[in-house]
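Source file: work-v7.cif; contents: mmCIF, C-alpha atoms (C1' of nucleotides).
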data_run
#
loop_
_atom_site.label_atom_id
_atom_site.label_comp_id
_atom_site.auth_asym_id
_atom_site.auth_seq_id
_atom_site.Cartn_x
_atom_site.Cartn_y
_atom_site.Cartn_z
CA MET A 20 20.59 17.73 93.83
CA ALA A 21 20.83 15.07 91.15
CA GLU A 22 22.67 11.95 92.10
CA GLN A 23 26.32 12.04 91.18
CA ARG A 24 28.15 9.47 89.12
CA HIS A 25 30.58 7.44 91.21
CA TYR A 26 33.80 5.67 90.31
CA THR A 27 35.79 2.86 91.81
CA ILE A 28 39.51 3.11 92.17
CA SER A 29 40.18 0.71 89.32
CA GLU A 30 37.81 2.53 86.99
CA LEU A 31 39.76 5.70 87.47
CA ALA A 32 43.05 3.88 87.25
CA GLU A 33 42.13 2.41 83.91
CA GLU A 34 40.67 5.60 82.55
CA PHE A 35 43.80 7.59 83.28
CA GLY A 36 46.34 4.89 82.68
CA VAL A 37 47.75 4.70 86.19
CA THR A 38 47.79 1.93 88.76
CA THR A 39 45.55 1.79 91.78
CA ARG A 40 48.68 2.08 93.86
CA THR A 41 49.23 5.51 92.36
CA ILE A 42 45.78 6.67 93.35
CA ARG A 43 46.14 5.32 96.87
CA PHE A 44 49.48 7.03 97.08
CA TYR A 45 47.89 10.34 96.13
CA GLU A 46 45.30 9.93 98.82
CA GLU A 47 47.94 8.99 101.35
CA LYS A 48 49.62 12.29 100.55
CA GLY A 49 46.40 14.16 101.03
CA TRP A 50 46.03 15.13 97.39
CA LEU A 51 42.84 13.18 96.94
CA ALA A 52 40.11 12.60 99.50
CA PRO A 53 37.50 10.22 98.16
CA MET A 54 34.44 9.21 100.15
CA ARG A 55 34.33 5.90 101.87
CA VAL A 56 31.58 3.34 101.87
CA GLY A 57 32.65 0.86 104.45
CA GLN A 58 36.33 0.77 103.78
CA ARG A 59 35.97 1.08 100.02
CA ARG A 60 36.91 4.29 98.32
CA VAL A 61 34.25 6.02 96.27
CA PHE A 62 35.28 8.76 93.88
CA ARG A 63 32.94 11.47 92.73
CA SER A 64 33.40 13.58 89.62
CA LYS A 65 35.07 16.22 91.72
CA ASP A 66 37.74 13.75 92.74
CA ARG A 67 38.03 12.58 89.17
CA THR A 68 38.60 16.09 87.92
CA ARG A 69 41.18 16.67 90.55
CA LEU A 70 43.02 13.52 89.58
CA ARG A 71 42.89 14.56 85.96
CA LEU A 72 44.45 17.89 86.77
CA ILE A 73 47.13 16.33 88.91
CA LEU A 74 48.10 14.02 86.08
CA ARG A 75 48.06 16.85 83.60
CA GLY A 76 50.50 18.71 85.76
CA LYS A 77 52.62 15.62 85.97
CA ARG A 78 52.73 15.30 82.22
CA ILE A 79 54.17 18.77 81.87
CA GLY A 80 56.90 17.85 84.28
CA LEU A 81 55.65 19.40 87.47
CA THR A 82 56.18 17.62 90.73
CA LEU A 83 52.94 16.36 92.20
CA GLU A 84 53.19 18.93 94.94
CA GLU A 85 53.46 21.69 92.37
CA SER A 86 50.49 20.29 90.51
CA VAL A 87 48.40 20.26 93.62
CA ASP A 88 49.60 23.71 94.55
CA ILE A 89 48.50 25.11 91.22
CA ILE A 90 45.15 23.40 91.46
CA GLY A 91 44.86 25.09 94.82
CA LEU A 92 45.18 28.40 93.05
CA TYR A 93 42.28 27.59 90.74
CA ASP A 94 39.81 27.24 93.55
CA ALA A 95 41.43 29.49 96.10
CA GLN A 96 38.93 31.22 98.30
CA THR A 97 39.34 34.89 97.65
CA GLY A 98 38.32 36.49 100.87
CA SER A 99 40.05 39.73 101.68
CA ARG A 100 41.73 42.11 99.31
CA ARG A 101 45.05 41.00 100.68
CA GLN A 102 44.21 37.42 99.83
CA LEU A 103 43.50 38.39 96.26
CA GLU A 104 46.79 40.18 95.93
CA VAL A 105 48.70 37.22 97.25
CA LEU A 106 46.83 34.99 94.85
CA LEU A 107 47.64 37.22 91.89
CA GLU A 108 51.26 37.27 92.87
CA ARG A 109 51.47 33.52 93.08
CA ILE A 110 49.74 33.14 89.75
CA GLY A 111 52.30 35.46 88.28
CA GLU A 112 55.17 33.36 89.55
CA ARG A 113 53.71 30.17 88.26
CA ARG A 114 53.01 31.67 84.90
CA ALA A 115 56.54 32.94 84.58
CA ALA A 116 57.93 29.45 85.05
CA LEU A 117 55.37 27.92 82.73
CA SER A 118 56.09 30.52 80.08
CA GLN A 119 59.76 29.63 80.20
CA GLN A 120 58.75 26.03 79.84
CA LEU A 121 56.63 26.89 76.86
CA ALA A 122 59.58 28.55 75.19
CA ASP A 123 61.83 25.59 75.92
CA LEU A 124 59.25 23.19 74.65
CA LYS A 125 58.79 25.07 71.41
CA ALA A 126 62.52 25.25 70.90
CA THR A 127 62.81 21.52 71.36
CA LEU A 128 60.01 20.88 68.90
CA ARG A 129 61.67 23.20 66.40
CA ALA A 130 64.93 21.35 66.73
CA LEU A 131 63.17 18.05 66.17
CA ASN A 132 61.44 19.42 63.10
CA GLU A 133 64.69 20.64 61.65
CA THR A 134 66.29 17.31 62.28
CA GLU A 135 63.40 15.59 60.62
CA GLN A 136 63.63 17.86 57.61
CA ARG A 137 67.29 17.09 57.20
CA ALA A 138 66.58 13.41 57.43
CA ARG A 139 63.85 13.66 54.81
CA ASP A 140 66.12 15.61 52.52
CA ALA A 141 68.77 12.96 52.89
CA LEU A 142 66.25 10.30 52.03
CA THR A 143 64.77 11.91 48.95
CA SER A 144 68.11 13.08 47.61
CA GLY A 145 69.06 9.43 47.35
CA SER A 146 72.86 9.14 47.38
CA LYS A 147 73.62 12.68 46.28
CA ARG A 148 75.49 15.08 48.43
CA ALA A 149 75.29 15.29 52.21
CA ALA A 150 73.18 18.21 53.39
CA ARG A 151 74.97 20.80 55.48
CA PRO A 152 74.04 20.47 59.15
CA ARG A 153 71.99 23.27 60.65
CA SER A 154 73.19 25.18 63.68
CA THR A 155 71.74 23.96 66.95
CA LYS A 156 69.78 27.07 67.82
CA MET B 2 91.20 26.28 62.92
CA ALA B 3 90.83 29.21 65.25
CA GLU B 4 91.50 28.51 68.88
CA GLN B 5 88.34 27.59 70.80
CA ARG B 6 87.09 29.30 73.89
CA HIS B 7 87.43 27.15 76.99
CA TYR B 8 85.42 27.04 80.20
CA THR B 9 86.08 25.82 83.70
CA ILE B 10 83.54 23.77 85.52
CA SER B 11 82.55 26.63 87.80
CA GLU B 12 82.15 29.03 84.91
CA LEU B 13 79.61 26.75 83.35
CA ALA B 14 77.96 26.05 86.68
CA GLU B 15 77.47 29.74 87.31
CA GLU B 16 76.33 30.49 83.77
CA PHE B 17 73.61 27.85 83.86
CA GLY B 18 72.69 28.09 87.51
CA VAL B 19 73.69 24.61 88.54
CA THR B 20 76.29 23.33 90.96
CA THR B 21 79.59 21.84 89.96
CA ARG B 22 78.36 18.62 91.47
CA THR B 23 75.67 18.53 88.87
CA ILE B 24 78.14 18.85 86.04
CA ARG B 25 80.40 16.20 87.46
CA PHE B 26 77.39 13.98 87.85
CA TYR B 27 76.52 14.40 84.19
CA GLU B 28 80.03 13.45 83.21
CA GLU B 29 79.95 10.45 85.50
CA LYS B 30 76.85 9.32 83.65
CA GLY B 31 78.58 9.75 80.32
CA TRP B 32 76.42 12.64 79.20
CA LEU B 33 79.31 15.07 79.07
CA ALA B 34 82.89 14.34 78.14
CA PRO B 35 85.08 17.38 78.67
CA MET B 36 88.79 17.39 77.91
CA ARG B 37 91.28 17.07 80.69
CA VAL B 38 94.38 19.11 81.34
CA GLY B 39 96.13 17.27 84.09
CA GLN B 40 93.15 16.22 86.13
CA ARG B 41 91.24 19.42 85.58
CA ARG B 42 88.20 19.41 83.31
CA VAL B 43 88.23 21.75 80.35
CA PHE B 44 84.97 22.41 78.54
CA ARG B 45 84.80 23.53 74.94
CA SER B 46 81.83 25.24 73.35
CA LYS B 47 80.61 21.90 72.09
CA ASP B 48 80.38 20.67 75.68
CA ARG B 49 78.74 23.90 76.70
CA THR B 50 76.06 23.58 74.04
CA ARG B 51 75.42 20.03 75.06
CA LEU B 52 75.00 21.05 78.67
CA ARG B 53 72.65 23.80 77.63
CA LEU B 54 70.49 21.37 75.71
CA ILE B 55 70.46 18.88 78.55
CA LEU B 56 69.26 21.54 80.95
CA ARG B 57 66.66 22.75 78.49
CA GLY B 58 65.28 19.25 78.34
CA LYS B 59 65.28 19.13 82.08
CA ARG B 60 63.29 22.33 82.30
CA ILE B 61 60.53 20.88 80.20
CA GLY B 62 60.33 17.94 82.53
CA LEU B 63 62.26 15.32 80.63
CA THR B 64 64.46 12.93 82.51
CA LEU B 65 68.13 13.53 81.83
CA GLU B 66 68.30 10.32 79.88
CA GLU B 67 65.48 11.46 77.65
CA SER B 68 67.20 14.80 77.15
CA VAL B 69 70.38 13.11 76.11
CA ASP B 70 68.50 10.71 73.90
CA ILE B 71 66.82 13.53 72.03
CA ILE B 72 70.10 15.37 71.64
CA GLY B 73 71.39 12.16 70.17
CA LEU B 74 68.72 12.43 67.51
CA TYR B 75 69.87 15.91 66.55
CA ASP B 76 73.31 14.78 65.56
CA ALA B 77 72.57 11.21 64.64
CA GLN B 78 74.79 9.92 61.90
CA THR B 79 72.52 9.13 59.02
CA GLY B 80 74.25 6.32 57.22
CA SER B 81 72.01 3.86 55.47
CA ARG B 82 68.45 4.36 54.32
CA ARG B 83 67.33 2.09 57.12
CA GLN B 84 69.08 4.30 59.65
CA LEU B 85 67.22 7.29 58.32
CA GLU B 86 63.90 5.56 58.62
CA VAL B 87 64.58 4.54 62.19
CA LEU B 88 65.61 8.09 62.95
CA LEU B 89 62.42 9.49 61.46
CA GLU B 90 60.34 7.06 63.44
CA ARG B 91 62.00 7.98 66.70
CA ILE B 92 61.59 11.66 65.95
CA GLY B 93 57.92 11.01 65.39
CA GLU B 94 57.51 9.33 68.75
CA ARG B 95 59.27 12.09 70.58
CA ARG B 96 57.27 14.74 68.85
CA ALA B 97 54.03 13.03 69.71
CA ALA B 98 54.86 13.13 73.40
CA LEU B 99 56.08 16.70 73.22
CA SER B 100 52.95 17.78 71.37
CA GLN B 101 50.82 16.32 74.11
CA GLN B 102 52.94 18.22 76.58
CA LEU B 103 52.43 21.39 74.60
CA ALA B 104 48.68 20.92 74.78
CA ASP B 105 48.80 20.25 78.52
CA LEU B 106 51.01 23.23 79.09
CA LYS B 107 48.73 25.55 77.16
CA ALA B 108 45.71 24.24 79.03
CA THR B 109 47.43 24.93 82.32
CA LEU B 110 48.34 28.43 81.26
CA ARG B 111 44.77 29.05 80.15
CA ALA B 112 43.46 27.90 83.49
CA LEU B 113 45.88 30.21 85.28
CA ASN B 114 44.82 33.10 83.10
CA GLU B 115 41.18 32.50 83.80
CA THR B 116 41.88 32.30 87.49
CA GLU B 117 43.77 35.54 87.30
CA GLN B 118 40.96 37.22 85.44
CA ARG B 119 38.46 36.18 88.08
CA ALA B 120 40.73 37.48 90.79
CA ARG B 121 41.13 40.81 89.02
CA ASP B 122 37.42 41.10 88.56
CA ALA B 123 36.91 40.42 92.23
CA LEU B 124 39.43 43.12 93.07
CA THR B 125 38.09 45.87 90.85
CA SER B 126 34.48 45.13 91.66
CA GLY B 127 35.30 46.07 95.21
CA SER B 128 32.83 44.44 97.57
CA LYS B 129 30.07 43.93 95.05
CA ARG B 130 28.86 40.55 94.09
CA ALA B 131 30.95 37.40 93.92
CA ALA B 132 31.76 36.42 90.36
CA ARG B 133 30.47 33.07 89.27
CA PRO B 134 33.26 30.54 89.08
CA ARG B 135 34.29 29.27 85.65
CA SER B 136 34.30 25.62 84.84
CA THR B 137 37.66 23.95 85.13
CA LYS B 138 38.12 23.05 81.49
"C1'" DA C 24 105.42 28.74 104.72
"C1'" DT C 25 100.78 29.33 104.98
"C1'" DT C 26 96.41 30.70 103.43
"C1'" DG C 27 92.77 30.88 100.20
"C1'" DA C 28 90.52 29.82 96.00
"C1'" DC C 29 89.70 26.36 92.97
"C1'" DG C 30 89.91 21.88 91.57
"C1'" DT C 31 89.76 16.54 92.25
"C1'" DT C 32 87.83 11.61 93.77
"C1'" DT C 33 85.16 8.57 96.78
"C1'" DA C 34 81.35 7.52 99.22
"C1'" DC C 35 77.31 7.73 101.83
"C1'" DG C 36 72.68 10.37 102.37
"C1'" DT C 37 68.23 12.21 100.62
"C1'" DT C 38 63.71 12.93 98.30
"C1'" DA C 39 59.95 11.96 95.05
"C1'" DA C 40 56.95 8.77 93.19
"C1'" DC C 41 55.65 5.04 93.12
"C1'" DG C 42 56.49 -0.83 92.66
"C1'" DT C 43 55.97 -4.96 94.89
"C1'" DC C 44 54.82 -8.20 98.03
"C1'" DA C 45 51.99 -10.03 102.03
"C1'" DA C 46 48.11 -10.72 104.64
"C1'" DC C 47 43.52 -9.65 105.09
"C1'" DT C 48 38.27 -8.48 103.99
"C1'" DA C 49 33.91 -8.42 101.41
"C1'" DC C 50 30.85 -9.74 97.89
"C1'" DT C 51 29.23 -12.62 93.98
"C1'" DG C 52 28.34 -16.66 91.33
"C1'" DT C 53 28.31 -21.76 91.24
"C1'" DA D 9 31.07 -24.26 101.05
"C1'" DC D 10 34.17 -22.56 97.94
"C1'" DA D 11 36.53 -20.01 94.34
"C1'" DG D 12 37.14 -15.81 92.09
"C1'" DT D 13 37.25 -10.90 91.77
"C1'" DA D 14 38.04 -6.51 93.68
"C1'" DG D 15 39.07 -4.04 97.43
"C1'" DT D 16 41.94 -2.84 101.86
"C1'" DT D 17 46.24 -1.67 104.90
"C1'" DG D 18 51.00 -2.03 106.09
"C1'" DA D 19 55.77 -2.24 105.01
"C1'" DC D 20 59.91 -2.66 102.58
"C1'" DG D 21 62.30 -1.88 97.87
"C1'" DT D 22 63.71 0.98 93.89
"C1'" DT D 23 65.35 4.71 90.74
"C1'" DA D 24 66.67 9.42 89.42
"C1'" DA D 25 69.18 13.33 90.39
"C1'" DC D 26 71.69 15.16 92.80
"C1'" DG D 27 73.43 17.02 98.16
"C1'" DT D 28 76.88 16.76 101.45
"C1'" DA D 29 81.04 15.74 103.59
"C1'" DA D 30 85.81 14.02 103.81
"C1'" DA D 31 90.34 14.05 102.28
"C1'" DC D 32 93.37 15.50 99.09
"C1'" DG D 33 96.14 18.25 95.00
"C1'" DT D 34 97.76 22.85 92.76
"C1'" DC D 35 98.88 27.36 92.26
"C1'" DA D 36 99.12 32.41 93.21
"C1'" DA D 37 99.52 35.88 96.56
"C1'" DT D 38 100.76 37.39 101.03
#
Spell out the structure here as C-alpha cells.
Amino acid sequence: MAEQRHYTISELAEEFGVTTRTIRFYEEKGWLAPMRVGQRRVFRSKDRTRLRLILRGKRIGLTLEESVDIIGLYDAQTGSRRQLEVLLERIGERRAALSQQLADLKATLRALNETEQRARDALTSGSKRAARPRSTK
Amino acid sequence: MAEQRHYTISELAEEFGVTTRTIRFYEEKGWLAPMRVGQRRVFRSKDRTRLRLILRGKRIGLTLEESVDIIGLYDAQTGSRRQLEVLLERIGERRAALSQQLADLKATLRALNETEQRARDALTSGSKRAARPRSTK
DNA sequence: ATTGACGTTTACGTTAACGTCAACTACTGT
DNA sequence: ACAGTAGTTGACGTTAACGTAAACGTCAAT
C-alpha cells in the first residue's frame, strides 16, 4: 500500500474550524479513534473523513450521537439477509426525519425570501405606500 | 372584528407534540406572550402561529433563540431606509447559513440513498458477489 | 364534600457539547 | 541550558432546553 497522509490534531482542528478540545472530546466519546505515536494522536484520512461527516451532521442539527449513528449506517457490514432488512428499515426512518427537515428548511428559506422581497419593494418604492404583508405560510 | 379562536395550553401542546412544560418555558423566556384570563393562559391564533414557527426552526436544528430571531425578521417593522438595509443584511446572513445547511442535508440524503441502493442490490443479488462499496462523497 | 381533570408557580435536576484551567511531557531552535 | 511550541491527561465549569416533583387553585360532576 502507498503511504497514507497523516494529520495532527491541530491541523484537523484548523481545517474544520473546531478546537482541539472538540476533537479530543469526540475521541473520548469513542466517535474517533486515531492512531497513537507515543502519546501523540495521529489522524489518517479515514479519521479525517469521519470527522468531516460528524461535523456535517452537526451542521444540519443532528446530535453527535445521531451523526455517528448515521455514519454507522453508511459502512454497516451487511452480513445476513436479516441484517440487510434491519439496515434498510433504519435508513428509512432516518430518511423520513431528514425529509421532514428538508421541507422545514425550504419553508424557512421561502419565508426569508418573501421577507426580503418585501423589504426590497419598500426600499425601491421610496416613500410611497406600505406594501401589504404576506401571510406567514 | 370577528371573534378569534382560542386555545388552551394543553390543546397546543397536543397539537404540536410538545409538553405543557415546554410552552410555559417558552413564555418564561419571553418567546410567547399569551393572554391571561385570571391566571390561566389563553392562546390566540397569533400565538399559535408563533409557536409553530418556533418549533419549525427547532426541527431544522436552530436554537430557540435563533428561531425567534428569524421570526423577528419576518415581521420586523421597516421604518427608515437604514432599518431596511440592516434587515436585508441580516436576512442575507441567515440565508447563507441555511443554504449551507440545505447543501449538507442534501448530501446526507444522497449518502443514505446510495447506502440503501447498495443494500437493495445485496439483497436481490442473493448470495452472489459483494458489491463494491461507493466512495463516501 | 370529595374526586378528578386541568391549570398554576417555584425550584431543583439532567443531558449534550464542549470551554477553561492546571499541571505535565516532548521536541526544536538558539 | 533554556525558551518556545505543540502535544497530553484530568477535572471542574457552563449553557440550552427542558424534565420532574411539590404544593396549590378552580370548576364540574358525582
What's around region 46-53 of chain B at 9 Å? Count all atoms listed in the file, leave out sequence neighbours fewer than 5 positions away in its own chain, and write the answer as a list in words. Thr155 of chain A; Gln5, Arg6, His7, Tyr8, Leu13, Phe17, Ile24, Tyr27, Trp32, Leu33, Ala34, Pro35, Gly58, Val69 and Ile72 of chain B
Could I have chain A as a PDB file with C-alpha atoms, keeping the file's coordinate frame after it is superimposed on chain B by least squares, pairing all C-alpha atoms in sequence order?
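Printed below is superposed.pdb as written:
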ATOM      1  CA  MET A  20      91.320  26.133  62.987  1.00  0.00           C
ATOM      2  CA  ALA A  21      90.872  29.117  65.269  1.00  0.00           C
ATOM      3  CA  GLU A  22      91.481  28.499  68.911  1.00  0.00           C
ATOM      4  CA  GLN A  23      88.353  27.616  70.811  1.00  0.00           C
ATOM      5  CA  ARG A  24      87.077  29.345  73.906  1.00  0.00           C
ATOM      6  CA  HIS A  25      87.405  27.163  76.992  1.00  0.00           C
ATOM      7  CA  TYR A  26      85.423  27.047  80.212  1.00  0.00           C
ATOM      8  CA  THR A  27      86.088  25.803  83.693  1.00  0.00           C
ATOM      9  CA  ILE A  28      83.539  23.767  85.533  1.00  0.00           C
ATOM     10  CA  SER A  29      82.577  26.619  87.828  1.00  0.00           C
ATOM     11  CA  GLU A  30      82.169  29.043  84.944  1.00  0.00           C
ATOM     12  CA  LEU A  31      79.635  26.761  83.376  1.00  0.00           C
ATOM     13  CA  ALA A  32      77.997  26.062  86.695  1.00  0.00           C
ATOM     14  CA  GLU A  33      77.478  29.735  87.328  1.00  0.00           C
ATOM     15  CA  GLU A  34      76.344  30.505  83.824  1.00  0.00           C
ATOM     16  CA  PHE A  35      73.639  27.866  83.896  1.00  0.00           C
ATOM     17  CA  GLY A  36      72.717  28.099  87.528  1.00  0.00           C
ATOM     18  CA  VAL A  37      73.723  24.596  88.556  1.00  0.00           C
ATOM     19  CA  THR A  38      76.337  23.311  90.964  1.00  0.00           C
ATOM     20  CA  THR A  39      79.638  21.826  89.936  1.00  0.00           C
ATOM     21  CA  ARG A  40      78.429  18.600  91.466  1.00  0.00           C
ATOM     22  CA  THR A  41      75.688  18.516  88.859  1.00  0.00           C
ATOM     23  CA  ILE A  42      78.155  18.853  86.025  1.00  0.00           C
ATOM     24  CA  ARG A  43      80.428  16.178  87.447  1.00  0.00           C
ATOM     25  CA  PHE A  44      77.414  13.970  87.854  1.00  0.00           C
ATOM     26  CA  TYR A  45      76.543  14.416  84.189  1.00  0.00           C
ATOM     27  CA  GLU A  46      80.032  13.449  83.186  1.00  0.00           C
ATOM     28  CA  GLU A  47      79.966  10.457  85.488  1.00  0.00           C
ATOM     29  CA  LYS A  48      76.865   9.326  83.628  1.00  0.00           C
ATOM     30  CA  GLY A  49      78.573   9.761  80.313  1.00  0.00           C
ATOM     31  CA  TRP A  50      76.411  12.661  79.200  1.00  0.00           C
ATOM     32  CA  LEU A  51      79.295  15.080  79.070  1.00  0.00           C
ATOM     33  CA  ALA A  52      82.887  14.338  78.128  1.00  0.00           C
ATOM     34  CA  PRO A  53      85.065  17.380  78.651  1.00  0.00           C
ATOM     35  CA  MET A  54      88.772  17.400  77.873  1.00  0.00           C
ATOM     36  CA  ARG A  55      91.268  17.066  80.626  1.00  0.00           C
ATOM     37  CA  VAL A  56      94.358  19.107  81.259  1.00  0.00           C
ATOM     38  CA  GLY A  57      96.119  17.263  83.990  1.00  0.00           C
ATOM     39  CA  GLN A  58      93.186  16.215  86.063  1.00  0.00           C
ATOM     40  CA  ARG A  59      91.246  19.422  85.504  1.00  0.00           C
ATOM     41  CA  ARG A  60      88.218  19.402  83.289  1.00  0.00           C
ATOM     42  CA  VAL A  61      88.208  21.749  80.329  1.00  0.00           C
ATOM     43  CA  PHE A  62      84.948  22.416  78.538  1.00  0.00           C
ATOM     44  CA  ARG A  63      84.767  23.554  74.958  1.00  0.00           C
ATOM     45  CA  SER A  64      81.798  25.278  73.361  1.00  0.00           C
ATOM     46  CA  LYS A  65      80.585  21.936  72.127  1.00  0.00           C
ATOM     47  CA  ASP A  66      80.355  20.682  75.683  1.00  0.00           C
ATOM     48  CA  ARG A  67      78.719  23.913  76.723  1.00  0.00           C
ATOM     49  CA  THR A  68      76.065  23.585  74.067  1.00  0.00           C
ATOM     50  CA  ARG A  69      75.417  20.052  75.068  1.00  0.00           C
ATOM     51  CA  LEU A  70      74.990  21.049  78.683  1.00  0.00           C
ATOM     52  CA  ARG A  71      72.638  23.804  77.643  1.00  0.00           C
ATOM     53  CA  LEU A  72      70.489  21.370  75.737  1.00  0.00           C
ATOM     54  CA  ILE A  73      70.458  18.884  78.568  1.00  0.00           C
ATOM     55  CA  LEU A  74      69.255  21.557  80.953  1.00  0.00           C
ATOM     56  CA  ARG A  75      66.663  22.747  78.498  1.00  0.00           C
ATOM     57  CA  GLY A  76      65.286  19.260  78.339  1.00  0.00           C
ATOM     58  CA  LYS A  77      65.279  19.127  82.090  1.00  0.00           C
ATOM     59  CA  ARG A  78      63.293  22.318  82.315  1.00  0.00           C
ATOM     60  CA  ILE A  79      60.533  20.863  80.194  1.00  0.00           C
ATOM     61  CA  GLY A  80      60.328  17.925  82.525  1.00  0.00           C
ATOM     62  CA  LEU A  81      62.266  15.317  80.632  1.00  0.00           C
ATOM     63  CA  THR A  82      64.469  12.922  82.499  1.00  0.00           C
ATOM     64  CA  LEU A  83      68.130  13.536  81.817  1.00  0.00           C
ATOM     65  CA  GLU A  84      68.304  10.312  79.881  1.00  0.00           C
ATOM     66  CA  GLU A  85      65.475  11.461  77.651  1.00  0.00           C
ATOM     67  CA  SER A  86      67.186  14.786  77.143  1.00  0.00           C
ATOM     68  CA  VAL A  87      70.381  13.124  76.107  1.00  0.00           C
ATOM     69  CA  ASP A  88      68.500  10.711  73.906  1.00  0.00           C
ATOM     70  CA  ILE A  89      66.832  13.540  72.042  1.00  0.00           C
ATOM     71  CA  ILE A  90      70.099  15.375  71.642  1.00  0.00           C
ATOM     72  CA  GLY A  91      71.388  12.154  70.162  1.00  0.00           C
ATOM     73  CA  LEU A  92      68.716  12.436  67.522  1.00  0.00           C
ATOM     74  CA  TYR A  93      69.868  15.918  66.547  1.00  0.00           C
ATOM     75  CA  ASP A  94      73.310  14.778  65.562  1.00  0.00           C
ATOM     76  CA  ALA A  95      72.553  11.205  64.639  1.00  0.00           C
ATOM     77  CA  GLN A  96      74.755   9.925  61.883  1.00  0.00           C
ATOM     78  CA  THR A  97      72.471   9.115  59.022  1.00  0.00           C
ATOM     79  CA  GLY A  98      74.240   6.364  57.213  1.00  0.00           C
ATOM     80  CA  SER A  99      72.011   3.883  55.475  1.00  0.00           C
ATOM     81  CA  ARG A 100      68.463   4.358  54.341  1.00  0.00           C
ATOM     82  CA  ARG A 101      67.357   2.089  57.126  1.00  0.00           C
ATOM     83  CA  GLN A 102      69.085   4.316  59.635  1.00  0.00           C
ATOM     84  CA  LEU A 103      67.202   7.310  58.338  1.00  0.00           C
ATOM     85  CA  GLU A 104      63.892   5.550  58.635  1.00  0.00           C
ATOM     86  CA  VAL A 105      64.583   4.540  62.193  1.00  0.00           C
ATOM     87  CA  LEU A 106      65.590   8.093  62.966  1.00  0.00           C
ATOM     88  CA  LEU A 107      62.402   9.497  61.465  1.00  0.00           C
ATOM     89  CA  GLU A 108      60.352   7.050  63.434  1.00  0.00           C
ATOM     90  CA  ARG A 109      61.992   7.978  66.690  1.00  0.00           C
ATOM     91  CA  ILE A 110      61.565  11.655  65.968  1.00  0.00           C
ATOM     92  CA  GLY A 111      57.913  11.005  65.392  1.00  0.00           C
ATOM     93  CA  GLU A 112      57.512   9.335  68.755  1.00  0.00           C
ATOM     94  CA  ARG A 113      59.265  12.083  70.586  1.00  0.00           C
ATOM     95  CA  ARG A 114      57.253  14.727  68.857  1.00  0.00           C
ATOM     96  CA  ALA A 115      54.011  13.018  69.721  1.00  0.00           C
ATOM     97  CA  ALA A 116      54.842  13.120  73.413  1.00  0.00           C
ATOM     98  CA  LEU A 117      56.069  16.689  73.226  1.00  0.00           C
ATOM     99  CA  SER A 118      52.949  17.756  71.375  1.00  0.00           C
ATOM    100  CA  GLN A 119      50.812  16.306  74.133  1.00  0.00           C
ATOM    101  CA  GLN A 120      52.938  18.206  76.579  1.00  0.00           C
ATOM    102  CA  LEU A 121      52.425  21.368  74.617  1.00  0.00           C
ATOM    103  CA  ALA A 122      48.682  20.923  74.801  1.00  0.00           C
ATOM    104  CA  ASP A 123      48.809  20.255  78.528  1.00  0.00           C
ATOM    105  CA  LEU A 124      51.013  23.232  79.086  1.00  0.00           C
ATOM    106  CA  LYS A 125      48.727  25.548  77.173  1.00  0.00           C
ATOM    107  CA  ALA A 126      45.726  24.257  79.053  1.00  0.00           C
ATOM    108  CA  THR A 127      47.437  24.933  82.343  1.00  0.00           C
ATOM    109  CA  LEU A 128      48.361  28.442  81.276  1.00  0.00           C
ATOM    110  CA  ARG A 129      44.782  29.055  80.178  1.00  0.00           C
ATOM    111  CA  ALA A 130      43.479  27.918  83.521  1.00  0.00           C
ATOM    112  CA  LEU A 131      45.893  30.223  85.299  1.00  0.00           C
ATOM    113  CA  ASN A 132      44.827  33.124  83.122  1.00  0.00           C
ATOM    114  CA  GLU A 133      41.188  32.502  83.844  1.00  0.00           C
ATOM    115  CA  THR A 134      41.886  32.325  87.522  1.00  0.00           C
ATOM    116  CA  GLU A 135      43.792  35.549  87.330  1.00  0.00           C
ATOM    117  CA  GLN A 136      40.970  37.241  85.476  1.00  0.00           C
ATOM    118  CA  ARG A 137      38.497  36.201  88.115  1.00  0.00           C
ATOM    119  CA  ALA A 138      40.769  37.499  90.808  1.00  0.00           C
ATOM    120  CA  ARG A 139      41.157  40.826  89.032  1.00  0.00           C
ATOM    121  CA  ASP A 140      37.427  41.110  88.583  1.00  0.00           C
ATOM    122  CA  ALA A 141      36.935  40.466  92.261  1.00  0.00           C
ATOM    123  CA  LEU A 142      39.437  43.156  93.080  1.00  0.00           C
ATOM    124  CA  THR A 143      38.082  45.878  90.839  1.00  0.00           C
ATOM    125  CA  SER A 144      34.461  45.140  91.654  1.00  0.00           C
ATOM    126  CA  GLY A 145      35.275  46.099  95.219  1.00  0.00           C
ATOM    127  CA  SER A 146      32.730  44.475  97.545  1.00  0.00           C
ATOM    128  CA  LYS A 147      30.010  43.928  94.972  1.00  0.00           C
ATOM    129  CA  ARG A 148      28.790  40.531  94.049  1.00  0.00           C
ATOM    130  CA  ALA A 149      30.906  37.390  93.868  1.00  0.00           C
ATOM    131  CA  ALA A 150      31.742  36.410  90.302  1.00  0.00           C
ATOM    132  CA  ARG A 151      30.461  33.038  89.175  1.00  0.00           C
ATOM    133  CA  PRO A 152      33.275  30.487  89.042  1.00  0.00           C
ATOM    134  CA  ARG A 153      34.297  29.250  85.619  1.00  0.00           C
ATOM    135  CA  SER A 154      34.252  25.571  84.762  1.00  0.00           C
ATOM    136  CA  THR A 155      37.612  23.870  85.077  1.00  0.00           C
ATOM    137  CA  LYS A 156      38.088  23.022  81.427  1.00  0.00           C
TER     138      LYS A 156
END
With 10 Å as the cut-off and all atoms listed in the file counted, what is the closest atom pair between each nearby residue of region 22-138 of chain B and region 17-33 of chain D? Distances in Å to one decimal, ordered by chain and number, as a Markdown table.
| residue | atom | partner | partner_atom | distance |
| --- | --- | --- | --- | --- |
| B:Arg22 | CA | D:DC26 | C1' | 7.6 |
| B:Thr23 | CA | D:DC26 | C1' | 6.5 |
| B:Phe26 | CA | D:DC26 | C1' | 7.6 |
| B:Tyr27 | CA | D:DA25 | C1' | 9.7 |
| B:Gln40 | CA | D:DG33 | C1' | 9.6 |
| B:Thr64 | CA | D:DA24 | C1' | 8.1 |
| B:Leu65 | CA | D:DA25 | C1' | 8.6 |
| B:Glu66 | CA | D:DA24 | C1' | 9.7 |
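Selection by the PyMOL selection byres ((chain D and resi 16) around 12) on the present file picks out Ile28, Thr39, Arg40, Arg43, Arg55, Gly57, Gln58, Arg59 and Arg60 of chain A; DA46, DC47, DT48 and DA49 of chain C; DA14, DG15, DT17 and DG18 of chain D.
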